[in-house]
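**Student:** Let me begin by handing over the structure; questions about it come next.
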Amino acid sequence: MLSPEDVQATHLIEMVYEEARLLDAREHDAWNAMFSDDAHYWVPLQHEQPDGLNFTSHMYEDKLLRELRIQRLKSPRAFSQQPISRCHHLLQAPRVGVMDAAANHFVTRTEFHYSEARGDEMLMLVGTAFHHFRVEDGALRFTLKRVNLLNCDAALPSVQLFI
């Protein structure tokens, strides 16, 4: 049982690396279990976008929307997954930006290169991921994953998986 006072930078960094491993291995249910029930997965459409509710985003997904996407990815009838999409995350070392045990709030920043392949098509994206954490029921959980793409304001093709 982890408490906010027990959280160390290494716990946060290991969780970011584990998240990338789960996504690359297509273990989406285990990945989604890393999030708190009220967490969001957000890919803004503009640099310095203040929130995902009042502005259009590439993605702004709560638990229900993440689960629906995961179910679609599992479906043998999903045309967008014929052939199946695969991804690879190449991460720089995550850096801890906030360690506030009293507020039960922790934040990391990770620069990344993301590649997604389906058949002979390849999508490559570059950006910065911000993971917000809290301790919930004795375990670290993501409360927000914000993915700031370098070219967020470009017309992007459909991203099938989770960045």
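To be explicit about the labels: the chains of the structure tokens are called A, B, and onward in the order shown, and within each one the residues are counted from 1, while ligands get numbers from 1 in the order they are shown.
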With DSSP run on the backbone, what are the alpha helix (DSSP H) residues within segment 63-96 of chain A? I'd like them as an MDAnalysis selection string.

**Tutor:** chainID A and resid 63:74

**Student:** Residues as selected, N, CA and C atoms, written as a compact mmCIF listing (two decimals), in the first residue's frame, can you do that?

**Tutor:**
# COMPACT_ATOMS: atom_id res chain seq x y z
N LYS A 63 -12.93 7.90 -19.24
CA LYS A 63 -12.90 6.44 -19.08
C LYS A 63 -13.77 5.74 -20.12
N LEU A 64 -14.99 6.21 -20.31
CA LEU A 64 -15.91 5.58 -21.26
C LEU A 64 -15.34 5.60 -22.68
N LEU A 65 -14.83 6.73 -23.12
CA LEU A 65 -14.30 6.82 -24.48
C LEU A 65 -13.04 5.98 -24.67
N ARG A 66 -12.19 5.92 -23.63
CA ARG A 66 -11.02 5.04 -23.72
C ARG A 66 -11.47 3.58 -23.85
N GLU A 67 -12.46 3.19 -23.06
CA GLU A 67 -12.95 1.81 -23.11
C GLU A 67 -13.59 1.49 -24.46
N LEU A 68 -14.33 2.43 -25.03
CA LEU A 68 -14.94 2.21 -26.35
C LEU A 68 -13.87 2.03 -27.42
N ARG A 69 -12.81 2.85 -27.37
CA ARG A 69 -11.73 2.71 -28.34
C ARG A 69 -11.03 1.35 -28.18
N ILE A 70 -10.81 0.95 -26.95
CA ILE A 70 -10.16 -0.34 -26.69
C ILE A 70 -11.01 -1.48 -27.24
N GLN A 71 -12.33 -1.41 -27.03
CA GLN A 71 -13.21 -2.46 -27.56
C GLN A 71 -13.18 -2.49 -29.08
N ARG A 72 -13.13 -1.31 -29.71
CA ARG A 72 -13.04 -1.25 -31.17
C ARG A 72 -11.73 -1.87 -31.65
N LEU A 73 -10.63 -1.58 -30.95
CA LEU A 73 -9.34 -2.15 -31.34
C LEU A 73 -9.33 -3.67 -31.23
N LYS A 74 -10.11 -4.21 -30.32
CA LYS A 74 -10.18 -5.66 -30.14
C LYS A 74 -11.09 -6.34 -31.15

**Student:** Using only C-alpha atoms, what does the table of segment 81-108 of chain A residues within 6 Å of segment 116-133 of chain A look like, with each row giving the shortest atom pair and its distance in Å to one decimal, sorted by chain and ascending number, as a tab-separated table?

**Tutor:**
residue	atom	partner	partner_atom	distance
A:Pro83	CA	A:Gly119	CA	5.9
A:Ser85	CA	A:Arg118	CA	4.5
A:Arg86	CA	A:Ala117	CA	5.3
A:Cys87	CA	A:Glu116	CA	4.2
A:His105	CA	A:Phe133	CA	5.9
A:Phe106	CA	A:Phe133	CA	5.0
A:Val107	CA	A:His132	CA	4.5
A:Thr108	CA	A:His131	CA	5.3

**Student:** Report the distance between atom CA of Asp29 of chain A and atom CA of Val96 of chain A in Å, rounded to one decimal place.

**Tutor:**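 Those two atoms sit 25.8 Å apart.
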
**Student:** Counting only C-alpha atoms, which residues in segment 68-120 of chain A sit no more than 7 Å from segment 10-24 of chain A? For each one, give the nearest pair of atoms and the distance in Å, sorted by chain then residue number, as JSON lines.

**Tutor:**
{"residue": "A:Cys87", "atom": "CA", "partner": "A:Asp24", "partner_atom": "CA", "distance": 5.4}
{"residue": "A:His88", "atom": "CA", "partner": "A:Asp24", "partner_atom": "CA", "distance": 5.4}
{"residue": "A:His89", "atom": "CA", "partner": "A:Ala20", "partner_atom": "CA", "distance": 6.0}
{"residue": "A:Pro94", "atom": "CA", "partner": "A:Ile13", "partner_atom": "CA", "distance": 5.8}

**Student:** Excluding Glu5 of chain A and its own-chain neighbours fewer than 2 positions away, which residues fall within 9 Å of it when counting only C-alpha atoms? Please give them as a list in words.

**Tutor:**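 Here the answer would be Leu2, Ser3, Val7, Gln8, Asp100, Ala101, Ala102 and Asn104 of chain A.
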
**Student:** Go through A:Leu144, A:Ala93, A:Ala139, A:Ala39 and flag the residue nearest Asp62 of chain A, using only C-alpha atoms for the distances.

**Tutor:**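 Smallest distance to Asp62 of chain A is found for A:Ala39.
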
**Student:** Taking only segment 11-61 of chain A into account, list the residues labelled strand (DSSP E or B) by DSSP (computed from the backbone), as a PyMOL selection string.

**Tutor:** chain A and resi 35-44+57-61

**Student:** Considering only C-alpha atoms, can you say which of A:Leu161, A:Leu90, A:Met59, A:Ala33 comes closest to Leu45 of chain A?

**Tutor:** A:Met59

**Student:** Between A:Ala30, A:Ala78, A:Leu140, A:Ala25, which residue has the minimum interatomic distance to Ala9 of chain A, considering only C-alpha atoms?

**Tutor:**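 Nearest candidate to Ala9 of chain A out of A:Ala30, A:Ala78, A:Leu140, A:Ala25: A:Leu140.
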
**Student:** Residues within 12 Å of Ala154 of chain A, please, as an MDAnalysis selection string. Count only C-alpha atoms; anything in the same chain fewer than 5 positions from it doesn't count.

**Tutor:** chainID A and resid 44:47 57:58 125 149

**Student:** Taking into account only C-alpha atoms, which residue in the set A:Asn148, A:Arg134, A:Arg26, A:Pro76 is nearest to Met99 of chain A?

**Tutor:** A:Arg134

**Student:** What does the distance from atom CA of Asp137 of chain A to atom CA of Val43 of chain A come to in Å, to one decimal?

**Tutor:**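 A separation of 27.4 Å between them.
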
**Student:** My list of candidates is A:Arg77, A:Arg146, A:Arg141, A:His40. Which is closest to Pro4 of chain A when distances are computed with only C-alpha atoms?

**Tutor:**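 Smallest separation from Pro4 of chain A among the options: A:Arg141.
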
**Student:** Enter the distance from atom CA of Tyr41 of chain A to atom CA of Val159 of chain A, in Å, rounded to one decimal.

**Tutor:**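 A separation of 13.6 Å between them.
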